[in-house]
Every structure is written in C-alpha cells, then in structure tokens.
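J.: Please find entry_7.pdb (PDB, C-alpha atoms) on the next line:
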```
ATOM      1  CA  GLN A 257     129.906  35.221 -43.490  1.00  0.00           C
ATOM      2  CA  PRO A 258     126.415  36.699 -42.959  1.00  0.00           C
ATOM      3  CA  SER A 259     126.278  40.438 -42.395  1.00  0.00           C
ATOM      4  CA  THR A 260     125.287  41.512 -38.902  1.00  0.00           C
ATOM      5  CA  GLU A 261     124.466  45.012 -40.117  1.00  0.00           C
ATOM      6  CA  THR A 262     120.748  45.730 -39.910  1.00  0.00           C
ATOM      7  CA  LYS A 263     119.067  46.534 -43.204  1.00  0.00           C
ATOM      8  CA  TYR A 264     116.519  49.344 -43.062  1.00  0.00           C
ATOM      9  CA  GLU A 265     113.664  49.894 -45.478  1.00  0.00           C
ATOM     10  CA  HIS A 266     113.218  53.262 -47.194  1.00  0.00           C
ATOM     11  CA  VAL A 267     110.790  55.384 -45.174  1.00  0.00           C
ATOM     12  CA  THR A 268     108.306  57.985 -46.324  1.00  0.00           C
ATOM     13  CA  TRP A 269     107.910  60.876 -43.928  1.00  0.00           C
ATOM     14  CA  GLY A 270     106.595  64.394 -43.569  1.00  0.00           C
ATOM     15  CA  TRP A 271     106.519  67.075 -40.905  1.00  0.00           C
ATOM     16  CA  ASP A 272     104.477  69.986 -39.618  1.00  0.00           C
ATOM     17  CA  SER A 273     105.199  72.790 -37.155  1.00  0.00           C
ATOM     18  CA  GLY A 274     102.649  73.558 -34.434  1.00  0.00           C
ATOM     19  CA  ASP A 275     102.654  75.855 -31.393  1.00  0.00           C
ATOM     20  CA  LYS A 276     104.351  73.581 -28.864  1.00  0.00           C
ATOM     21  CA  PHE A 277     105.576  70.711 -31.016  1.00  0.00           C
ATOM     22  CA  VAL A 278     107.029  69.965 -34.408  1.00  0.00           C
ATOM     23  CA  SER A 279     105.360  66.764 -35.612  1.00  0.00           C
ATOM     24  CA  VAL A 280     107.186  64.215 -37.757  1.00  0.00           C
ATOM     25  CA  TYR A 281     105.012  61.606 -39.468  1.00  0.00           C
ATOM     26  CA  ILE A 282     106.763  58.387 -40.495  1.00  0.00           C
ATOM     27  CA  THR A 283     104.909  55.823 -42.590  1.00  0.00           C
ATOM     28  CA  VAL A 284     105.517  52.235 -41.445  1.00  0.00           C
ATOM     29  CA  PRO A 285     103.335  49.778 -43.392  1.00  0.00           C
ATOM     30  CA  LYS A 286     101.641  47.107 -41.277  1.00  0.00           C
ATOM     31  CA  LEU A 287     102.691  48.712 -37.969  1.00  0.00           C
ATOM     32  CA  LYS A 288      99.988  48.336 -35.305  1.00  0.00           C
ATOM     33  CA  LYS A 289      99.326  50.850 -32.555  1.00  0.00           C
ATOM     34  CA  THR A 290      99.921  47.975 -30.101  1.00  0.00           C
ATOM     35  CA  ASP A 291     103.530  47.575 -31.402  1.00  0.00           C
ATOM     36  CA  LYS A 292     104.953  50.191 -29.009  1.00  0.00           C
ATOM     37  CA  GLU A 293     107.832  47.916 -27.916  1.00  0.00           C
ATOM     38  CA  LYS A 294     109.084  47.810 -31.538  1.00  0.00           C
ATOM     39  CA  VAL A 295     109.682  51.576 -31.627  1.00  0.00           C
ATOM     40  CA  LYS A 296     112.733  53.197 -30.038  1.00  0.00           C
ATOM     41  CA  CYS A 297     113.659  56.861 -30.339  1.00  0.00           C
ATOM     42  CA  ASP A 298     116.618  58.857 -29.063  1.00  0.00           C
ATOM     43  CA  PHE A 299     116.196  62.622 -28.823  1.00  0.00           C
ATOM     44  CA  THR A 300     118.944  65.201 -28.274  1.00  0.00           C
ATOM     45  CA  THR A 301     118.586  68.985 -28.312  1.00  0.00           C
ATOM     46  CA  SER A 302     119.372  69.042 -32.049  1.00  0.00           C
ATOM     47  CA  SER A 303     118.546  65.558 -33.364  1.00  0.00           C
ATOM     48  CA  PHE A 304     116.380  62.464 -33.280  1.00  0.00           C
ATOM     49  CA  ASP A 305     116.939  58.863 -34.283  1.00  0.00           C
ATOM     50  CA  VAL A 306     113.933  56.560 -34.479  1.00  0.00           C
ATOM     51  CA  ILE A 307     114.159  52.840 -35.182  1.00  0.00           C
ATOM     52  CA  VAL A 308     111.193  50.557 -35.789  1.00  0.00           C
ATOM     53  CA  SER A 309     112.211  46.909 -35.516  1.00  0.00           C
ATOM     54  CA  ASP A 310     110.756  43.729 -36.942  1.00  0.00           C
ATOM     55  CA  VAL A 311     107.459  44.792 -38.468  1.00  0.00           C
ATOM     56  CA  GLU A 312     106.732  41.600 -40.410  1.00  0.00           C
ATOM     57  CA  GLY A 313     110.486  41.044 -40.690  1.00  0.00           C
ATOM     58  CA  LYS A 314     111.323  44.581 -41.850  1.00  0.00           C
ATOM     59  CA  ASN A 315     113.165  47.358 -40.015  1.00  0.00           C
ATOM     60  CA  TYR A 316     112.751  51.106 -40.468  1.00  0.00           C
ATOM     61  CA  ARG A 317     114.889  54.034 -39.384  1.00  0.00           C
ATOM     62  CA  LEU A 318     114.752  57.805 -39.672  1.00  0.00           C
ATOM     63  CA  SER A 319     117.607  59.834 -38.252  1.00  0.00           C
ATOM     64  CA  LYS A 320     117.922  63.615 -38.492  1.00  0.00           C
ATOM     65  CA  SER A 321     120.545  65.867 -36.950  1.00  0.00           C
ATOM     66  CA  ASN A 322     121.158  69.612 -37.185  1.00  0.00           C
ATOM     67  CA  LEU A 323     117.448  70.304 -36.630  1.00  0.00           C
ATOM     68  CA  ASP A 324     116.245  73.774 -37.639  1.00  0.00           C
ATOM     69  CA  LYS A 325     115.878  74.791 -33.959  1.00  0.00           C
ATOM     70  CA  ASP A 326     116.678  73.205 -30.610  1.00  0.00           C
ATOM     71  CA  ILE A 327     114.153  70.837 -29.049  1.00  0.00           C
ATOM     72  CA  LYS A 328     113.580  69.701 -25.472  1.00  0.00           C
ATOM     73  CA  PRO A 329     114.413  65.970 -25.466  1.00  0.00           C
ATOM     74  CA  GLU A 330     112.774  65.367 -22.087  1.00  0.00           C
ATOM     75  CA  ASP A 331     109.423  66.730 -23.346  1.00  0.00           C
ATOM     76  CA  SER A 332     109.520  65.142 -26.798  1.00  0.00           C
ATOM     77  CA  LYS A 333     107.223  62.161 -27.382  1.00  0.00           C
ATOM     78  CA  VAL A 334     106.669  59.177 -29.629  1.00  0.00           C
ATOM     79  CA  ARG A 335     103.160  58.092 -30.645  1.00  0.00           C
ATOM     80  CA  VAL A 336     102.647  54.695 -32.271  1.00  0.00           C
ATOM     81  CA  LYS A 337      99.608  54.479 -34.553  1.00  0.00           C
ATOM     82  CA  ASP A 338      98.349  51.999 -37.119  1.00  0.00           C
ATOM     83  CA  GLY A 339     100.652  52.363 -40.135  1.00  0.00           C
ATOM     84  CA  ARG A 340     102.764  55.191 -38.787  1.00  0.00           C
ATOM     85  CA  VAL A 341     104.891  56.658 -36.042  1.00  0.00           C
ATOM     86  CA  VAL A 342     104.410  60.271 -34.986  1.00  0.00           C
ATOM     87  CA  LEU A 343     107.264  62.081 -33.245  1.00  0.00           C
ATOM     88  CA  LEU A 344     106.355  65.175 -31.241  1.00  0.00           C
ATOM     89  CA  LEU A 345     109.485  67.301 -30.973  1.00  0.00           C
ATOM     90  CA  ALA A 346     109.003  69.731 -28.087  1.00  0.00           C
ATOM     91  CA  LYS A 347     109.936  73.251 -29.175  1.00  0.00           C
ATOM     92  CA  VAL A 348     112.132  75.270 -26.817  1.00  0.00           C
ATOM     93  CA  ASN A 349     110.283  78.456 -27.790  1.00  0.00           C
ATOM     94  CA  SER A 350     106.656  78.266 -28.918  1.00  0.00           C
ATOM     95  CA  TRP A 351     107.130  81.377 -31.091  1.00  0.00           C
ATOM     96  CA  ASP A 352     109.975  79.818 -33.096  1.00  0.00           C
ATOM     97  CA  TYR A 353     108.928  79.282 -36.691  1.00  0.00           C
ATOM     98  CA  TRP A 354     110.582  76.280 -38.301  1.00  0.00           C
ATOM     99  CA  THR A 355     111.221  76.803 -42.025  1.00  0.00           C
ATOM    100  CA  ASP A 356     112.683  73.305 -42.431  1.00  0.00           C
ATOM    101  CA  LEU A 357     112.986  70.224 -40.293  1.00  0.00           C
ATOM    102  CA  VAL A 358     116.759  70.257 -40.777  1.00  0.00           C
ATOM    103  CA  SER A 359     118.675  73.522 -40.980  1.00  0.00           C
ATOM    104  CA  LYS A 360     120.250  74.275 -44.353  1.00  0.00           C
ATOM    105  CA  THR A 361     123.230  75.807 -42.572  1.00  0.00           C
ATOM    106  CA  LYS A 362     125.418  74.343 -39.857  1.00  0.00           C
ATOM    107  CA  ARG A 363     124.204  75.626 -36.527  1.00  0.00           C
ATOM    108  CA  SER A 364     126.754  76.738 -33.969  1.00  0.00           C
TER     109      SER A 364
END
```
If you convert what's in this file into structure tokens, what do you get?

T.:
Amino acid sequence: QPSTETKYEHVTWGWDSGDKFVSVYITVPKLKKTDKEKVKCDFTTSSFDVIVSDVEGKNYRLSKSNLDKDIKPEDSKVRVKDGRVVLLLAKVNSWDYWTDLVSKTKRS
C-alpha cells in the first residue's frame, strides 16, 4: 500500500525584521521565479504555512505558529525568486521589534 502522505525535503531558512515587514527567506534549490503556481502560503495573525510543490519532483514546506508578534494576513505577501521563496509578514505595528521569529513563550 503506497503512502499518500506527502514527503517534504528539509528546508534551510532565515529571517530579518524590517520596518513594515518581517522577511522569511526559504531556500528551494532549482525553483524558478516563474514557478509561482507551485507556491502556496496560508497566513493567520500568528502563523504561516508555506508549501512548495513539485520542484523537480521534490516538495518543501515551512510552517511556523506562535509568531513573536501578530501579523496582518491580508497584507502579507509571497515573492517567488530563483532558488528561494521570500515571505513578507506584514507587521501590525511598525515599531514592534521582533527578537525571534517564533515566540519562546506561549502567547495569550
């Protein structure tokens, strides 16, 4: 019985906090900037879940919840570039300083 569960490759990622957005950089080898239809991302106020499907037969996923601060899902964006995906998480407050991408404590 073949497994129907999707296998995801390990992803390398990093992040950076700017004035209006927190940027998340996800390395996806062999991804082309024209592969926009292969990238799907769900944003909530405290999480994101990005899936990159079928890049030369491989799938990639990065999912983070309990983000350090709330984001605005409706203003958050996905940019597809050669070899990587960039998520722009729209900050609720531009003055908020993010110490981590994910909060070390459970947020209420």

J.: Tell me, as a PyMOL selection string, which residues lie within 8 Å of Ser279 (chain A), counting all atoms listed in the file; anything in the same chain fewer than 4 positions away does not count.

T.: chain A and resi 271-274+342-345

J.: Report as a list in words the residues that result from applying the PyMOL selection byres ((chain A and resi 309) around 12) to the structure here.

T.: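 After applying the PyMOL selection byres ((chain A and resi 309) around 12), what remains is Thr262, Lys263, Tyr264, Glu265, Val284, Leu287, Asp291, Lys292, Glu293, Lys294, Val295, Lys296, Cys297, Val306, Ile307, Val308, Asp310, Val311, Glu312, Gly313, Lys314, Asn315, Tyr316, Arg317 and Leu318 of chain A.
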
J.: Would you kindly return, as a PDB file with C-alpha atoms, keeping the file's coordinate frame, each protein, DNA or RNA residue with an atom no farther than 7 Å from any atom of region 321-334 of chain A, considering only C-alpha atoms and excluding same-chain residues fewer than 5 positions away?

T.:
```
ATOM      1  CA  PHE A 299     116.196  62.622 -28.823  1.00  0.00           C
ATOM      2  CA  THR A 300     118.944  65.201 -28.274  1.00  0.00           C
ATOM      3  CA  THR A 301     118.586  68.985 -28.312  1.00  0.00           C
ATOM      4  CA  SER A 302     119.372  69.042 -32.049  1.00  0.00           C
ATOM      5  CA  SER A 303     118.546  65.558 -33.364  1.00  0.00           C
ATOM      6  CA  PHE A 304     116.380  62.464 -33.280  1.00  0.00           C
ATOM      7  CA  VAL A 342     104.410  60.271 -34.986  1.00  0.00           C
ATOM      8  CA  LEU A 343     107.264  62.081 -33.245  1.00  0.00           C
ATOM      9  CA  LEU A 344     106.355  65.175 -31.241  1.00  0.00           C
ATOM     10  CA  LEU A 345     109.485  67.301 -30.973  1.00  0.00           C
ATOM     11  CA  ALA A 346     109.003  69.731 -28.087  1.00  0.00           C
ATOM     12  CA  LYS A 347     109.936  73.251 -29.175  1.00  0.00           C
ATOM     13  CA  VAL A 348     112.132  75.270 -26.817  1.00  0.00           C
ATOM     14  CA  TRP A 354     110.582  76.280 -38.301  1.00  0.00           C
ATOM     15  CA  ASP A 356     112.683  73.305 -42.431  1.00  0.00           C
ATOM     16  CA  LEU A 357     112.986  70.224 -40.293  1.00  0.00           C
ATOM     17  CA  VAL A 358     116.759  70.257 -40.777  1.00  0.00           C
ATOM     18  CA  SER A 359     118.675  73.522 -40.980  1.00  0.00           C
ATOM     19  CA  LYS A 362     125.418  74.343 -39.857  1.00  0.00           C
ATOM     20  CA  ARG A 363     124.204  75.626 -36.527  1.00  0.00           C
TER      21      ARG A 363
END
```

J.: Give me, please, the distance in Å between CA of Lys286 (chain A) and CA of Asp338 (chain A), quoted to one decimal.

T.: 7.2 Å

J.: Would you compute the distance between CA of Thr268 (chain A) and CA of Asp352 (chain A)? Give it in Å to one decimal.

T.: 25.6 Å

J.: Please determine, counting all atoms listed in the file, which residue among A:Ser319, A:Val280, A:Asp305, A:Asp298 has the shortest atom-to-atom distance to Arg335 (chain A).

T.: A:Val280

J.: How many Å separate CA of Lys288 (chain A) from CA of Arg340 (chain A)?

T.: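 Between CA of Lys288 (chain A) and CA of Arg340 (chain A) the gap is 8.2 Å.
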
J.: For the provided coordinates, the residues matched by the PyMOL selection byres ((chain A and resi 269) around 6) should be stated as a PDB file with C-alpha atoms, in the coordinates of the input.

T.:
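Saved as result35.pdb:
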```pdb
ATOM      1  CA  THR A 268     108.306  57.985 -46.324  1.00  0.00           C
ATOM      2  CA  GLY A 270     106.595  64.394 -43.569  1.00  0.00           C
ATOM      3  CA  TYR A 281     105.012  61.606 -39.468  1.00  0.00           C
ATOM      4  CA  ILE A 282     106.763  58.387 -40.495  1.00  0.00           C
TER       5      ILE A 282
END
```

J.: Measuring atom to atom with only C-alpha atoms, identify which of A:Tyr353, A:Thr260, A:Lys337, A:His266 is nearest to Val278 (chain A).

T.: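 Selected residue with least distance to Val278 (chain A): A:Tyr353.
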
J.: For region 346-357 of chain A, supply all heavy atoms and format the output as a PDB file, in the frame of the given file.

T.:
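The new file rebuild27.pdb reads:
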```
ATOM      1  N   ALA A 346     109.401  68.596 -28.927  1.00  0.00           N
ATOM      2  CA  ALA A 346     109.003  69.731 -28.087  1.00  0.00           C
ATOM      3  C   ALA A 346     109.866  70.946 -28.404  1.00  0.00           C
ATOM      4  O   ALA A 346     111.085  70.919 -28.256  1.00  0.00           O
ATOM      5  CB  ALA A 346     109.125  69.354 -26.613  1.00  0.00           C
ATOM      6  N   LYS A 347     109.212  72.028 -28.840  1.00  0.00           N
ATOM      7  CA  LYS A 347     109.936  73.251 -29.175  1.00  0.00           C
ATOM      8  C   LYS A 347     110.424  73.938 -27.900  1.00  0.00           C
ATOM      9  O   LYS A 347     109.718  73.958 -26.897  1.00  0.00           O
ATOM     10  CB  LYS A 347     109.017  74.189 -29.948  1.00  0.00           C
ATOM     11  CG  LYS A 347     108.626  73.645 -31.321  1.00  0.00           C
ATOM     12  CD  LYS A 347     107.445  74.379 -31.926  1.00  0.00           C
ATOM     13  CE  LYS A 347     107.818  75.708 -32.488  1.00  0.00           C
ATOM     14  NZ  LYS A 347     106.704  76.313 -33.259  1.00  0.00           N
ATOM     15  N   VAL A 348     111.605  74.510 -27.949  1.00  0.00           N
ATOM     16  CA  VAL A 348     112.132  75.270 -26.817  1.00  0.00           C
ATOM     17  C   VAL A 348     111.320  76.556 -26.667  1.00  0.00           C
ATOM     18  O   VAL A 348     110.920  76.928 -25.573  1.00  0.00           O
ATOM     19  CB  VAL A 348     113.636  75.562 -27.011  1.00  0.00           C
ATOM     20  CG1 VAL A 348     114.147  76.516 -25.933  1.00  0.00           C
ATOM     21  CG2 VAL A 348     114.435  74.261 -26.976  1.00  0.00           C
ATOM     22  N   ASN A 349     111.069  77.217 -27.797  1.00  0.00           N
ATOM     23  CA  ASN A 349     110.283  78.456 -27.790  1.00  0.00           C
ATOM     24  C   ASN A 349     109.070  78.284 -28.684  1.00  0.00           C
ATOM     25  O   ASN A 349     109.216  77.991 -29.876  1.00  0.00           O
ATOM     26  CB  ASN A 349     111.120  79.636 -28.314  1.00  0.00           C
ATOM     27  CG  ASN A 349     112.334  79.893 -27.450  1.00  0.00           C
ATOM     28  OD1 ASN A 349     112.236  79.977 -26.241  1.00  0.00           O
ATOM     29  ND2 ASN A 349     113.492  80.001 -28.088  1.00  0.00           N
ATOM     30  N   SER A 350     107.870  78.482 -28.132  1.00  0.00           N
ATOM     31  CA  SER A 350     106.656  78.266 -28.918  1.00  0.00           C
ATOM     32  C   SER A 350     106.562  79.232 -30.103  1.00  0.00           C
ATOM     33  O   SER A 350     105.935  78.931 -31.097  1.00  0.00           O
ATOM     34  CB  SER A 350     105.420  78.393 -28.033  1.00  0.00           C
ATOM     35  OG  SER A 350     105.369  79.675 -27.463  1.00  0.00           O
ATOM     36  N   TRP A 351     107.215  80.393 -30.013  1.00  0.00           N
ATOM     37  CA  TRP A 351     107.130  81.377 -31.091  1.00  0.00           C
ATOM     38  C   TRP A 351     108.110  81.089 -32.229  1.00  0.00           C
ATOM     39  O   TRP A 351     108.047  81.724 -33.270  1.00  0.00           O
ATOM     40  CB  TRP A 351     107.359  82.785 -30.544  1.00  0.00           C
ATOM     41  CG  TRP A 351     108.706  82.954 -29.889  1.00  0.00           C
ATOM     42  CD1 TRP A 351     109.885  83.247 -30.512  1.00  0.00           C
ATOM     43  CD2 TRP A 351     109.007  82.833 -28.502  1.00  0.00           C
ATOM     44  NE1 TRP A 351     110.900  83.307 -29.595  1.00  0.00           N
ATOM     45  CE2 TRP A 351     110.394  83.062 -28.356  1.00  0.00           C
ATOM     46  CE3 TRP A 351     108.250  82.547 -27.368  1.00  0.00           C
ATOM     47  CZ2 TRP A 351     111.038  82.996 -27.113  1.00  0.00           C
ATOM     48  CZ3 TRP A 351     108.887  82.486 -26.147  1.00  0.00           C
ATOM     49  CH2 TRP A 351     110.263  82.719 -26.021  1.00  0.00           C
ATOM     50  N   ASP A 352     109.032  80.142 -32.023  1.00  0.00           N
ATOM     51  CA  ASP A 352     109.975  79.818 -33.096  1.00  0.00           C
ATOM     52  C   ASP A 352     109.241  79.252 -34.300  1.00  0.00           C
ATOM     53  O   ASP A 352     108.449  78.320 -34.167  1.00  0.00           O
ATOM     54  CB  ASP A 352     111.005  78.776 -32.627  1.00  0.00           C
ATOM     55  CG  ASP A 352     112.172  79.413 -31.894  1.00  0.00           C
ATOM     56  OD1 ASP A 352     112.346  80.641 -32.007  1.00  0.00           O
ATOM     57  OD2 ASP A 352     112.911  78.661 -31.236  1.00  0.00           O
ATOM     58  N   TYR A 353     109.514  79.813 -35.460  1.00  0.00           N
ATOM     59  CA  TYR A 353     108.928  79.282 -36.691  1.00  0.00           C
ATOM     60  C   TYR A 353     109.985  78.427 -37.385  1.00  0.00           C
ATOM     61  O   TYR A 353     111.084  78.899 -37.665  1.00  0.00           O
ATOM     62  CB  TYR A 353     108.468  80.426 -37.602  1.00  0.00           C
ATOM     63  CG  TYR A 353     107.873  79.910 -38.879  1.00  0.00           C
ATOM     64  CD1 TYR A 353     106.597  79.341 -38.896  1.00  0.00           C
ATOM     65  CD2 TYR A 353     108.591  79.945 -40.069  1.00  0.00           C
ATOM     66  CE1 TYR A 353     106.050  78.836 -40.061  1.00  0.00           C
ATOM     67  CE2 TYR A 353     108.052  79.443 -41.241  1.00  0.00           C
ATOM     68  CZ  TYR A 353     106.779  78.880 -41.221  1.00  0.00           C
ATOM     69  OH  TYR A 353     106.242  78.384 -42.376  1.00  0.00           O
ATOM     70  N   TRP A 354     109.661  77.189 -37.616  1.00  0.00           N
ATOM     71  CA  TRP A 354     110.582  76.280 -38.301  1.00  0.00           C
ATOM     72  C   TRP A 354     110.338  76.368 -39.802  1.00  0.00           C
ATOM     73  O   TRP A 354     109.233  76.106 -40.271  1.00  0.00           O
ATOM     74  CB  TRP A 354     110.362  74.840 -37.841  1.00  0.00           C
ATOM     75  CG  TRP A 354     110.823  74.544 -36.445  1.00  0.00           C
ATOM     76  CD1 TRP A 354     110.621  75.295 -35.331  1.00  0.00           C
ATOM     77  CD2 TRP A 354     111.546  73.400 -36.009  1.00  0.00           C
ATOM     78  NE1 TRP A 354     111.175  74.685 -34.238  1.00  0.00           N
ATOM     79  CE2 TRP A 354     111.745  73.517 -34.623  1.00  0.00           C
ATOM     80  CE3 TRP A 354     112.037  72.252 -36.667  1.00  0.00           C
ATOM     81  CZ2 TRP A 354     112.426  72.561 -33.880  1.00  0.00           C
ATOM     82  CZ3 TRP A 354     112.706  71.296 -35.927  1.00  0.00           C
ATOM     83  CH2 TRP A 354     112.910  71.460 -34.556  1.00  0.00           C
ATOM     84  N   THR A 355     111.367  76.744 -40.558  1.00  0.00           N
ATOM     85  CA  THR A 355     111.221  76.803 -42.025  1.00  0.00           C
ATOM     86  C   THR A 355     111.513  75.442 -42.645  1.00  0.00           C
ATOM     87  O   THR A 355     110.994  75.114 -43.697  1.00  0.00           O
ATOM     88  CB  THR A 355     112.163  77.855 -42.626  1.00  0.00           C
ATOM     89  OG1 THR A 355     113.489  77.606 -42.149  1.00  0.00           O
ATOM     90  CG2 THR A 355     111.734  79.256 -42.226  1.00  0.00           C
ATOM     91  N   ASP A 356     112.348  74.656 -41.991  1.00  0.00           N
ATOM     92  CA  ASP A 356     112.683  73.305 -42.431  1.00  0.00           C
ATOM     93  C   ASP A 356     112.826  72.423 -41.213  1.00  0.00           C
ATOM     94  O   ASP A 356     113.048  72.923 -40.117  1.00  0.00           O
ATOM     95  CB  ASP A 356     114.012  73.303 -43.205  1.00  0.00           C
ATOM     96  CG  ASP A 356     113.877  73.865 -44.605  1.00  0.00           C
ATOM     97  OD1 ASP A 356     113.196  73.210 -45.435  1.00  0.00           O
ATOM     98  OD2 ASP A 356     114.422  74.943 -44.872  1.00  0.00           O
ATOM     99  N   LEU A 357     112.742  71.127 -41.416  1.00  0.00           N
ATOM    100  CA  LEU A 357     112.986  70.224 -40.293  1.00  0.00           C
ATOM    101  C   LEU A 357     114.465  70.240 -39.932  1.00  0.00           C
ATOM    102  O   LEU A 357     114.840  70.291 -38.774  1.00  0.00           O
ATOM    103  CB  LEU A 357     112.539  68.792 -40.639  1.00  0.00           C
ATOM    104  CG  LEU A 357     112.693  67.778 -39.509  1.00  0.00           C
ATOM    105  CD1 LEU A 357     111.832  68.148 -38.303  1.00  0.00           C
ATOM    106  CD2 LEU A 357     112.326  66.377 -39.994  1.00  0.00           C
TER     107      LEU A 357
END
```
